[in-house]
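Below is entry-v9.cif, which holds mmCIF, C-alpha atoms and all ligand atoms.
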```
data_target
loop_
_atom_site.label_atom_id
_atom_site.label_comp_id
_atom_site.auth_asym_id
_atom_site.auth_seq_id
_atom_site.Cartn_x
_atom_site.Cartn_y
_atom_site.Cartn_z
CA MET H 115 8.15 20.99 57.91
CA LEU H 116 8.51 17.53 59.44
CA SER H 117 5.20 15.95 58.50
CA TYR H 118 6.35 12.35 57.97
CA ARG H 119 5.57 9.92 60.80
CA HIS H 120 6.87 6.40 60.37
CA LEU H 121 4.12 5.05 62.62
CA TYR H 122 1.71 5.26 59.65
CA HIS H 123 3.96 2.98 57.59
CA ALA H 124 5.68 0.70 60.11
CA GLY H 125 6.11 -2.89 59.01
CA ASN H 126 5.34 -2.27 55.34
CA HIS H 127 7.13 -3.87 52.37
CA ALA H 128 9.89 -1.25 52.53
CA ASP H 129 10.54 -1.90 56.23
CA ILE H 130 10.96 -5.64 55.76
CA LEU H 131 13.64 -5.15 53.09
CA LYS H 132 15.51 -2.43 54.98
CA HIS H 133 15.35 -4.13 58.36
CA TYR H 134 16.25 -7.61 57.16
CA THR H 135 19.26 -6.14 55.32
CA LEU H 136 20.29 -4.10 58.36
CA CYS H 137 20.00 -7.15 60.61
CA ARG H 138 22.21 -9.20 58.29
CA ILE H 139 24.86 -6.46 58.21
CA LEU H 140 24.93 -6.20 62.00
CA SER H 141 24.83 -9.97 62.52
CA TYR H 142 27.89 -10.32 60.33
CA LEU H 143 29.86 -7.50 61.92
CA THR H 144 29.15 -8.62 65.47
CA GLN H 145 30.74 -12.01 64.80
CA LYS H 146 34.07 -10.33 65.38
CA ASP H 147 34.90 -9.67 69.02
CA LYS H 148 35.74 -6.00 68.47
CA PRO H 149 33.59 -2.95 69.34
CA LEU H 150 31.39 -1.48 66.66
CA ARG H 151 29.72 1.94 66.31
CA TYR H 152 26.18 2.15 64.88
CA ILE H 153 24.92 5.52 63.65
CA ASP H 154 21.28 5.95 62.62
CA THR H 155 20.90 9.37 60.93
CA HIS H 156 17.07 9.18 60.82
CA ALA H 157 16.11 6.93 63.70
CA GLY H 158 12.33 7.35 63.98
CA ALA H 159 10.59 6.34 67.22
CA GLY H 160 12.44 3.05 67.74
CA ARG H 161 9.33 0.94 68.11
CA TYR H 162 5.78 1.24 66.72
CA ASP H 163 2.56 0.15 68.38
CA LEU H 164 0.46 -1.19 65.54
CA ASN H 165 -2.74 -0.92 67.60
CA THR H 166 -2.62 2.89 67.47
CA SER H 167 -5.03 4.83 65.29
CA GLU H 168 -2.10 6.08 63.19
CA ALA H 169 -0.91 2.57 62.30
CA GLN H 170 -4.47 1.37 61.89
CA LYS H 171 -5.31 4.14 59.42
CA LEU H 172 -3.42 2.56 56.48
CA GLN H 173 -2.54 -0.83 58.01
CA GLU H 174 0.47 -1.04 55.72
CA TYR H 175 1.98 -3.72 57.96
CA ASN H 176 -0.64 -6.15 56.70
CA ASP H 177 0.97 -6.08 53.24
CA GLY H 178 4.51 -6.24 54.56
CA ILE H 179 5.43 -8.08 57.74
CA GLY H 180 1.88 -9.47 57.86
CA ARG H 181 2.42 -11.40 54.64
CA ILE H 182 5.72 -13.01 55.60
CA ARG H 183 5.41 -13.63 59.34
CA ASN H 184 3.58 -16.96 59.07
CA ALA H 185 4.50 -18.05 55.56
CA PRO H 186 5.57 -21.65 54.93
CA LYS H 187 9.16 -22.56 54.02
CA THR H 188 10.68 -19.52 55.69
CA PRO H 189 14.48 -19.51 55.29
CA ALA H 190 16.42 -19.74 58.57
CA LEU H 191 17.90 -16.23 58.37
CA VAL H 192 14.47 -14.74 57.68
CA LYS H 193 13.22 -16.63 60.76
CA ASP H 194 15.94 -14.93 62.80
CA TYR H 195 14.59 -11.54 61.71
CA LEU H 196 10.97 -12.60 62.32
CA ASN H 197 11.89 -13.82 65.80
CA LEU H 198 13.33 -10.39 66.60
CA VAL H 199 10.14 -8.74 65.32
CA ALA H 200 8.05 -11.07 67.47
CA LYS H 201 10.21 -10.23 70.51
CA CYS H 202 9.38 -6.55 70.07
CA GLY H 203 5.70 -7.11 70.89
CA SER H 204 4.17 -8.34 74.12
CA ASN H 205 1.04 -10.18 75.12
CA ASN H 206 -1.13 -7.09 74.92
CA SER H 207 0.66 -5.04 72.30
CA TYR H 208 1.18 -5.73 68.62
CA SER H 209 4.35 -3.85 67.80
CA TYR H 210 6.83 -3.55 64.99
CA PRO H 211 10.45 -2.61 65.73
CA GLY H 212 12.31 0.34 64.27
CA SER H 213 15.92 0.25 63.16
CA PRO H 214 17.34 1.47 66.54
CA TRP H 215 15.57 -1.28 68.47
CA LEU H 216 16.64 -3.99 66.04
CA ALA H 217 20.21 -2.74 66.10
CA ALA H 218 20.22 -2.69 69.90
CA GLN H 219 19.11 -6.33 69.96
CA LEU H 220 22.01 -7.40 67.77
CA LEU H 221 24.75 -5.18 69.17
CA ARG H 222 26.72 -6.06 72.29
CA PRO H 223 27.00 -3.97 75.49
CA TYR H 224 30.41 -2.69 74.40
CA ASP H 225 29.08 -1.44 71.03
CA ARG H 226 27.62 2.06 70.85
CA LEU H 227 24.49 3.34 69.16
CA GLU H 228 24.16 6.99 68.09
CA LEU H 229 20.58 7.82 67.10
CA CYS H 230 19.34 11.07 65.54
CA GLU H 231 15.69 12.02 65.26
CA LEU H 232 14.23 15.48 64.72
CA HIS H 233 10.48 14.99 64.98
CA PRO H 234 9.16 16.54 68.23
CA GLN H 235 6.71 13.70 68.78
CA ASP H 236 8.99 10.85 67.77
CA PHE H 237 12.13 11.99 69.60
CA PRO H 238 10.70 11.46 73.13
CA ARG H 239 9.37 8.08 72.03
CA LEU H 240 12.78 7.13 70.74
CA GLU H 241 14.37 8.17 74.04
CA LYS H 242 11.82 6.13 75.98
CA THR H 243 12.20 3.03 73.83
CA MET H 244 15.98 3.17 73.92
CA SER H 245 16.29 3.98 77.64
CA ALA H 246 16.60 0.24 78.25
CA PHE H 247 19.83 0.17 76.22
CA LYS H 248 22.58 1.91 78.16
CA ASN H 249 24.92 1.86 75.18
CA SER H 250 22.57 4.04 73.11
CA HIS H 251 22.56 7.83 72.79
CA CYS H 252 19.69 9.80 71.28
CA TYR H 253 20.11 13.25 69.74
CA ASP H 254 17.30 15.59 68.66
CA VAL H 255 19.50 17.16 66.02
CA ASP H 256 19.91 16.94 62.26
CA GLY H 257 21.17 13.46 61.49
CA PHE H 258 23.13 14.56 58.42
CA GLN H 259 25.22 17.03 60.41
CA LYS H 260 25.56 14.92 63.53
CA SER H 261 26.75 11.80 61.70
CA ALA H 262 29.54 13.78 60.03
CA SER H 263 30.70 14.97 63.44
CA LEU H 264 30.81 11.39 64.77
CA LEU H 265 33.13 10.04 62.09
CA PRO H 266 35.60 8.44 62.09
CA PRO H 267 34.59 6.44 65.18
CA VAL H 268 37.30 5.63 67.71
CA GLU H 269 36.47 1.94 67.27
CA ARG H 270 37.44 2.18 63.58
CA ARG H 271 34.53 -0.14 62.85
CA GLY H 272 31.13 1.29 62.10
CA VAL H 273 27.77 1.08 60.34
CA VAL H 274 25.90 4.21 59.26
CA PHE H 275 22.24 3.77 58.36
CA ILE H 276 20.79 6.64 56.31
CA ASP H 277 17.01 6.39 56.17
CA PRO H 278 15.33 9.76 55.48
CA SER H 279 11.68 10.12 54.58
CA TYR H 280 12.33 11.68 51.13
CA GLU H 281 9.56 14.22 51.70
CA LEU H 282 11.52 16.59 49.49
CA LYS H 283 12.72 15.66 46.00
CA GLN H 284 16.17 17.06 46.79
CA ASP H 285 16.57 14.42 49.52
CA TYR H 286 17.89 12.01 46.85
CA SER H 287 20.79 14.30 45.95
CA LYS H 288 21.28 15.29 49.59
CA VAL H 289 21.75 11.65 50.50
CA ALA H 290 24.36 11.14 47.78
CA ASP H 291 26.22 14.32 48.73
CA HIS H 292 26.15 13.33 52.37
CA LEU H 293 27.45 9.87 51.62
CA GLN H 294 30.43 11.47 49.92
CA VAL H 295 31.13 13.62 52.99
CA LEU H 296 30.90 10.66 55.37
CA THR H 297 32.98 8.24 53.31
CA ARG H 298 35.73 10.83 52.94
CA LYS H 299 35.93 10.94 56.74
CA PHE H 300 35.66 7.18 57.21
CA SER H 301 36.16 5.17 54.05
CA THR H 302 36.11 1.69 55.59
CA GLY H 303 32.71 2.01 57.27
CA VAL H 304 29.62 0.15 56.11
CA TYR H 305 26.96 2.55 54.82
CA ALA H 306 23.36 1.45 54.24
CA ILE H 307 21.08 3.87 52.40
CA TRP H 308 17.39 3.25 51.98
CA TYR H 309 15.40 4.88 49.16
CA PRO H 310 11.80 4.69 47.93
CA ILE H 311 11.00 3.72 44.35
CA VAL H 312 8.39 6.21 43.22
CA ASN H 313 9.96 7.70 40.12
CA SER H 314 12.48 5.64 38.13
CA ASP H 315 14.43 8.72 36.99
CA GLN H 316 15.03 9.83 40.58
CA VAL H 317 16.34 6.38 41.46
CA ALA H 318 18.58 6.27 38.38
CA ARG H 319 20.03 9.69 39.33
CA LEU H 320 20.74 8.49 42.86
CA HIS H 321 22.47 5.36 41.53
CA ARG H 322 24.55 7.43 39.10
CA ALA H 323 25.59 9.86 41.82
CA VAL H 324 26.67 7.05 44.16
CA ARG H 325 28.48 5.16 41.37
CA LYS H 326 30.38 8.30 40.46
CA GLN H 327 31.89 8.37 43.94
CA GLN H 328 33.82 5.22 43.05
CA HIS H 329 33.50 3.36 46.30
CA GLU H 330 35.34 0.08 46.27
CA LYS H 331 32.19 -2.00 46.69
CA ILE H 332 28.56 -0.88 46.17
CA ALA H 333 25.76 -3.43 46.46
CA CYS H 334 22.13 -2.67 45.71
CA TYR H 335 18.90 -4.48 46.57
CA GLU H 336 15.40 -3.60 45.39
CA LEU H 337 11.93 -4.94 45.98
CA SER H 338 8.89 -3.66 44.07
CA VAL H 339 5.45 -4.93 44.93
CA THR H 340 3.90 -4.22 41.54
CA ALA H 341 5.06 -4.45 37.93
CA ASP H 342 2.99 -1.36 37.12
CA GLU H 343 5.57 1.40 36.65
CA ALA H 344 2.77 3.95 36.48
CA ALA H 345 1.39 2.92 39.88
CA LYS H 346 0.81 5.89 42.16
CA GLY H 347 2.93 6.29 45.26
CA MET H 348 5.78 4.12 46.52
CA ARG H 349 5.74 0.94 44.44
CA GLY H 350 8.93 -0.40 45.95
CA SER H 351 12.14 0.49 47.68
CA GLY H 352 15.83 -0.20 47.65
CA MET H 353 18.94 -0.37 49.76
CA ILE H 354 22.39 0.70 48.62
CA VAL H 355 25.17 -0.75 50.75
CA ILE H 356 28.73 0.56 50.59
CA ASN H 357 31.38 -1.93 51.76
CA PRO H 358 28.85 -4.76 52.29
CA PRO H 359 29.85 -7.92 54.15
CA TRP H 360 30.85 -10.55 51.57
CA SER H 361 27.84 -12.76 52.43
CA LEU H 362 25.21 -10.01 52.23
CA THR H 363 24.08 -10.28 48.60
CA ALA H 364 23.46 -14.03 48.88
CA GLU H 365 21.52 -13.53 52.12
CA VAL H 366 19.38 -10.72 50.73
CA THR H 367 18.79 -12.72 47.54
CA GLU H 368 17.41 -15.56 49.64
CA PHE H 369 15.12 -13.10 51.41
CA LEU H 370 13.91 -11.52 48.15
CA GLU H 371 13.22 -14.89 46.50
CA PHE H 372 11.10 -15.79 49.51
CA ALA H 373 9.36 -12.46 50.17
CA ALA H 374 8.73 -11.00 46.70
CA PRO H 375 5.94 -13.41 45.68
CA LEU H 376 4.30 -12.97 49.08
CA VAL H 377 4.15 -9.16 49.01
CA ALA H 378 3.04 -8.85 45.37
CA THR H 379 -0.04 -6.66 45.04
CA ASP H 380 -0.96 -7.65 41.49
CA GLY H 381 1.08 -10.79 41.01
CA GLY H 382 3.78 -8.68 39.44
CA SER H 383 6.32 -8.01 42.17
CA HIS H 384 9.93 -8.00 41.16
CA TRP H 385 13.32 -7.66 42.77
CA ARG H 386 17.00 -7.46 42.09
CA ALA H 387 20.08 -8.00 44.17
CA LEU H 388 23.24 -6.59 42.66
CA ASP H 389 26.59 -7.36 44.20
CA THR H 390 27.93 -4.41 42.21
CA LEU H 391 25.76 -1.41 41.36
C1 LIG D 401 11.83 6.70 57.47
S1 LIG D 401 11.80 7.37 59.07
C2 LIG D 401 13.04 6.47 59.93
C3 LIG D 401 12.70 5.05 60.24
C4 LIG D 401 13.75 4.31 61.03
N1 LIG D 401 15.09 4.48 60.47
C5 LIG D 401 13.46 2.83 61.05
O1 LIG D 401 13.92 2.09 60.16
O2 LIG D 401 12.77 2.38 61.97
C6 LIG D 401 12.61 8.91 58.86
C7 LIG D 401 12.70 9.71 60.14
O3 LIG D 401 13.62 10.79 59.94
C8 LIG D 401 13.20 11.90 60.74
N2 LIG D 401 13.92 13.06 60.21
C9 LIG D 401 13.62 13.84 59.14
N3 LIG D 401 14.60 14.71 58.89
C10 LIG D 401 15.58 14.48 59.81
C11 LIG D 401 16.88 15.01 60.04
N4 LIG D 401 17.37 15.98 59.26
N5 LIG D 401 17.61 14.50 61.06
C12 LIG D 401 17.13 13.51 61.84
N6 LIG D 401 15.91 12.96 61.67
C13 LIG D 401 15.14 13.42 60.67
C14 LIG D 401 11.71 11.89 60.57
O4 LIG D 401 11.09 12.58 61.63
C15 LIG D 401 11.41 10.38 60.57
O5 LIG D 401 11.09 9.94 61.87
#
```

Please go through the file and, once you have read it, give me the structure as structure tokens.
Amino acid sequence: MLSYRHLYHAGNHADILKHYTLCRILSYLTQKDKPLRYIDTHAGAGRYDLNTSEAQKLQEYNDGIGRIRNAPKTPALVKDYLNLVAKCGSNNSYSYPGSPWLAAQLLRPYDRLELCELHPQDFPRLEKTMSAFKNSHCYDVDGFQKSASLLPPVERRGVVFIDPSYELKQDYSKVADHLQVLTRKFSTGVYAIWYPIVNSDQVARLHRAVRKQQHEKIACYELSVTADEAAKGMRGSGMIVINPPWSLTAEVTEFLEFAAPLVATDGGSHWRALDTL
């Protein structure tokens, strides 16, 4: 059932949008000297060795992080993200970080990370990667169910990152339904939802379902690497953020203006950053 392995895709154009956005959310929220809870419903392995045969098979990182890491005129906030990515590797390993590792870098010892991952090969890797962070807890359980049981957090401040693999078409509606469940339990949390852009109708349905929930603030950011709507496979991706920090849309806009031309596959990349979906 669980066939998706993020190792094949680590560092691609979708990862750079989702991880930059996540880093900006956490950087903002950690400015305040009050504990924060981070919940990652679909955590993956935490860190990805790009020298492995899996990552080498498609080399998707070349068209994502590979295109922006040494580009000229990099905005300062993008440099902050790139510096974190660089820190994830070492002299003899070329690695790309996953969301749990990035979050752990930005969170403070008194913040807590709750990380769910179901894949039998990726869960032990996640545990190993995160063993260095004593404030993190890994669960090999369903992230949808577990996250509901963790809300509201005692800290009353929290970020929930929902990043499934969308292997099943119903994952789009599952994500929207789940968001409703979580926000009813904890309406003031920040929720970040990643989605692939493969079929425009699916994306429009997801947007409609989230809009219908009438959250006070819903931002949305998208990056597509081709203008060809008939292109096969994932031509782009997006992030929906409920209760975004006030500065987020401007920061993601700066990232998209910088990154979109660099990751274009046919000169036709495009993006949008909506403060209100
Ligand atoms: C897109 S990857 C996550 C990537 C990670 N969030 C990151 O940004 O580095 C999705 C992960 O969800 C896992 N997964 C699938 N269904 C799950 C479930 N119901 N609960 C927890 N994890 C699940 C998959 O094994 C896969 O590793």

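All residues, whether protein, DNA or RNA, that have an atom at most 7 Å from ligand LIG 401 (chain D) (counting only C-alpha atoms and all ligand atoms) are Leu116, Tyr118, Arg119, His120, Asp129, His133, Asp154, Thr155, His156, Ala157, Gly158, Ala159, Gly160, Pro211, Gly212, Ser213, Pro214, Cys230, Glu231, Leu232, His233, Asp236, Val255, Asp256, Gly257, Phe258, Asp277, Pro278 and Ser279 of chain H.
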
Would you mind reading off the distance between CA of Val274 (chain H) and CA of Pro375 (chain H), one decimal, in Å?
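Value for the CA of Val274 (chain H)-CA of Pro375 (chain H) distance: 29.9 Å.
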
Could you work out how far CA of Gly303 (chain H) lies from CA of Leu221 (chain H), giving the answer in Å with one decimal?
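Taking CA of Leu221 (chain H) and CA of Gly303 (chain H), their separation equals 16.0 Å.
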
Separation of CA of Val268 (chain H) and CA of Lys248 (chain H), in Å?
18.4 Å

Among H:Ser351, H:Gln235, H:Asn126, H:Gln219, Ser250 (chain H) is approached most closely, using only C-alpha atoms, by H:Gln219

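Distances to Glu371 (chain H) were evaluated for H:Thr243, H:Thr188, H:Thr135, H:Ser301 using all atoms listed in the file, and the minimum falls at H:Thr188.
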
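Excluding Glu330 (chain H) and any residue on its chain fewer than 5 positions from it, the residues at most 10 Å away by all atoms listed in the file are H:Ser301, H:Thr302, H:Arg325, H:Ile356, H:Asn357, H:Thr390.
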
List as a PyMOL selection string the protein and nucleic acid residues near Leu376 (chain H), meaning an atom at most 12 Å away when all atoms listed in the file are counted, but skip any in the same chain fewer than 6 places from it.
chain H and resi 127+130+176-188+337-340+369-370+382-384

Cut-off 9 Å around (14.8, 11.3, 42.7) with only C-alpha atoms: residues as a PDB file with C-alpha atoms, in the coordinates of the input:
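Once everything was written out, this is selection-v8.pdb:
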```
ATOM      1  CA  TYR H 280      12.330  11.680  51.130  1.00  0.00           C
ATOM      2  CA  LYS H 283      12.720  15.660  46.000  1.00  0.00           C
ATOM      3  CA  GLN H 284      16.170  17.060  46.790  1.00  0.00           C
ATOM      4  CA  ASP H 285      16.570  14.420  49.520  1.00  0.00           C
ATOM      5  CA  TYR H 286      17.890  12.010  46.850  1.00  0.00           C
ATOM      6  CA  SER H 287      20.790  14.300  45.950  1.00  0.00           C
ATOM      7  CA  PRO H 310      11.800   4.690  47.930  1.00  0.00           C
ATOM      8  CA  ILE H 311      11.000   3.720  44.350  1.00  0.00           C
ATOM      9  CA  VAL H 312       8.390   6.210  43.220  1.00  0.00           C
ATOM     10  CA  ASN H 313       9.960   7.700  40.120  1.00  0.00           C
ATOM     11  CA  SER H 314      12.480   5.640  38.130  1.00  0.00           C
ATOM     12  CA  ASP H 315      14.430   8.720  36.990  1.00  0.00           C
ATOM     13  CA  GLN H 316      15.030   9.830  40.580  1.00  0.00           C
ATOM     14  CA  VAL H 317      16.340   6.380  41.460  1.00  0.00           C
ATOM     15  CA  ALA H 318      18.580   6.270  38.380  1.00  0.00           C
ATOM     16  CA  ARG H 319      20.030   9.690  39.330  1.00  0.00           C
ATOM     17  CA  LEU H 320      20.740   8.490  42.860  1.00  0.00           C
TER      18      LEU H 320
END
```

Taking 3 positions as the minimum chain separation for residues in the same chain, which residues sit within 8 Å of region 144-153 of chain H when counting all atoms listed in the file? Answer as a list of chain:residue names.
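Returned residues: H:Leu140, H:Ser141, H:Ala217, H:Leu220, H:Leu221, H:Arg222, H:Tyr224, H:Asp225, H:Arg226, H:Leu227, H:Glu228, H:Leu229, H:Ser261, H:Pro267, H:Glu269, H:Arg270, H:Arg271, H:Gly272, H:Val273, H:Val274, H:Phe275.
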
When you count all atoms listed in the file, which of these residues is closest to Lys260 (chain H): H:Ala290, H:Val324, H:Tyr134, H:Leu296?
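Nearest candidate to Lys260 (chain H) out of H:Ala290, H:Val324, H:Tyr134, H:Leu296: H:Leu296.
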
Which neighbours of Gln173 (chain H) fall inside 9 Å, counting only C-alpha atoms, when residues of the same chain fewer than 6 positions from it are skipped, and could you give them as number ranges by chain?
H: 122-126, 164

Pick out the residues sitting within 8 Å of Lys299 (chain H), and hand them over as a PyMOL selection string; count only C-alpha atoms, and ignore anything fewer than 5 positions along from it in its own chain.
chain H and resi 262+265-266

Only C-alpha atoms needed: put region 270-296 of chain H from the block into a file as an mmCIF file, in the first residue's frame.
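File written: selection-v8.cif
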```cif
data_model
loop_
_atom_site.group_PDB
_atom_site.id
_atom_site.type_symbol
_atom_site.label_atom_id
_atom_site.label_comp_id
_atom_site.auth_asym_id
_atom_site.auth_seq_id
_atom_site.Cartn_x
_atom_site.Cartn_y
_atom_site.Cartn_z
ATOM 1 C CA ARG H 270 -1.666 26.773 22.890
ATOM 2 C CA ARG H 271 0.734 27.628 20.072
ATOM 3 C CA GLY H 272 1.291 25.171 17.276
ATOM 4 C CA VAL H 273 2.098 24.423 13.644
ATOM 5 C CA VAL H 274 0.672 21.375 11.873
ATOM 6 C CA PHE H 275 2.317 20.386 8.603
ATOM 7 C CA ILE H 276 0.198 18.073 6.434
ATOM 8 C CA ASP H 277 2.277 16.623 3.615
ATOM 9 C CA PRO H 278 0.865 13.329 2.289
ATOM 10 C CA SER H 279 2.055 11.688 -0.905
ATOM 11 C CA TYR H 280 -1.342 11.879 -2.680
ATOM 12 C CA GLU H 281 -0.912 8.343 -3.990
ATOM 13 C CA LEU H 282 -4.687 8.028 -3.891
ATOM 14 C CA LYS H 283 -7.021 10.532 -5.561
ATOM 15 C CA GLN H 284 -9.153 10.667 -2.405
ATOM 16 C CA ASP H 285 -6.171 12.087 -0.492
ATOM 17 C CA TYR H 286 -7.220 15.585 -1.656
ATOM 18 C CA SER H 287 -10.629 15.316 0.017
ATOM 19 C CA LYS H 288 -9.141 13.472 2.996
ATOM 20 C CA VAL H 289 -6.784 16.374 3.596
ATOM 21 C CA ALA H 290 -9.632 18.907 3.511
ATOM 22 C CA ASP H 291 -11.798 16.800 5.827
ATOM 23 C CA HIS H 292 -8.904 16.328 8.197
ATOM 24 C CA LEU H 293 -8.151 20.028 8.253
ATOM 25 C CA GLN H 294 -11.723 20.639 9.356
ATOM 26 C CA VAL H 295 -11.355 18.127 12.202
ATOM 27 C CA LEU H 296 -8.077 19.648 13.396
#
```
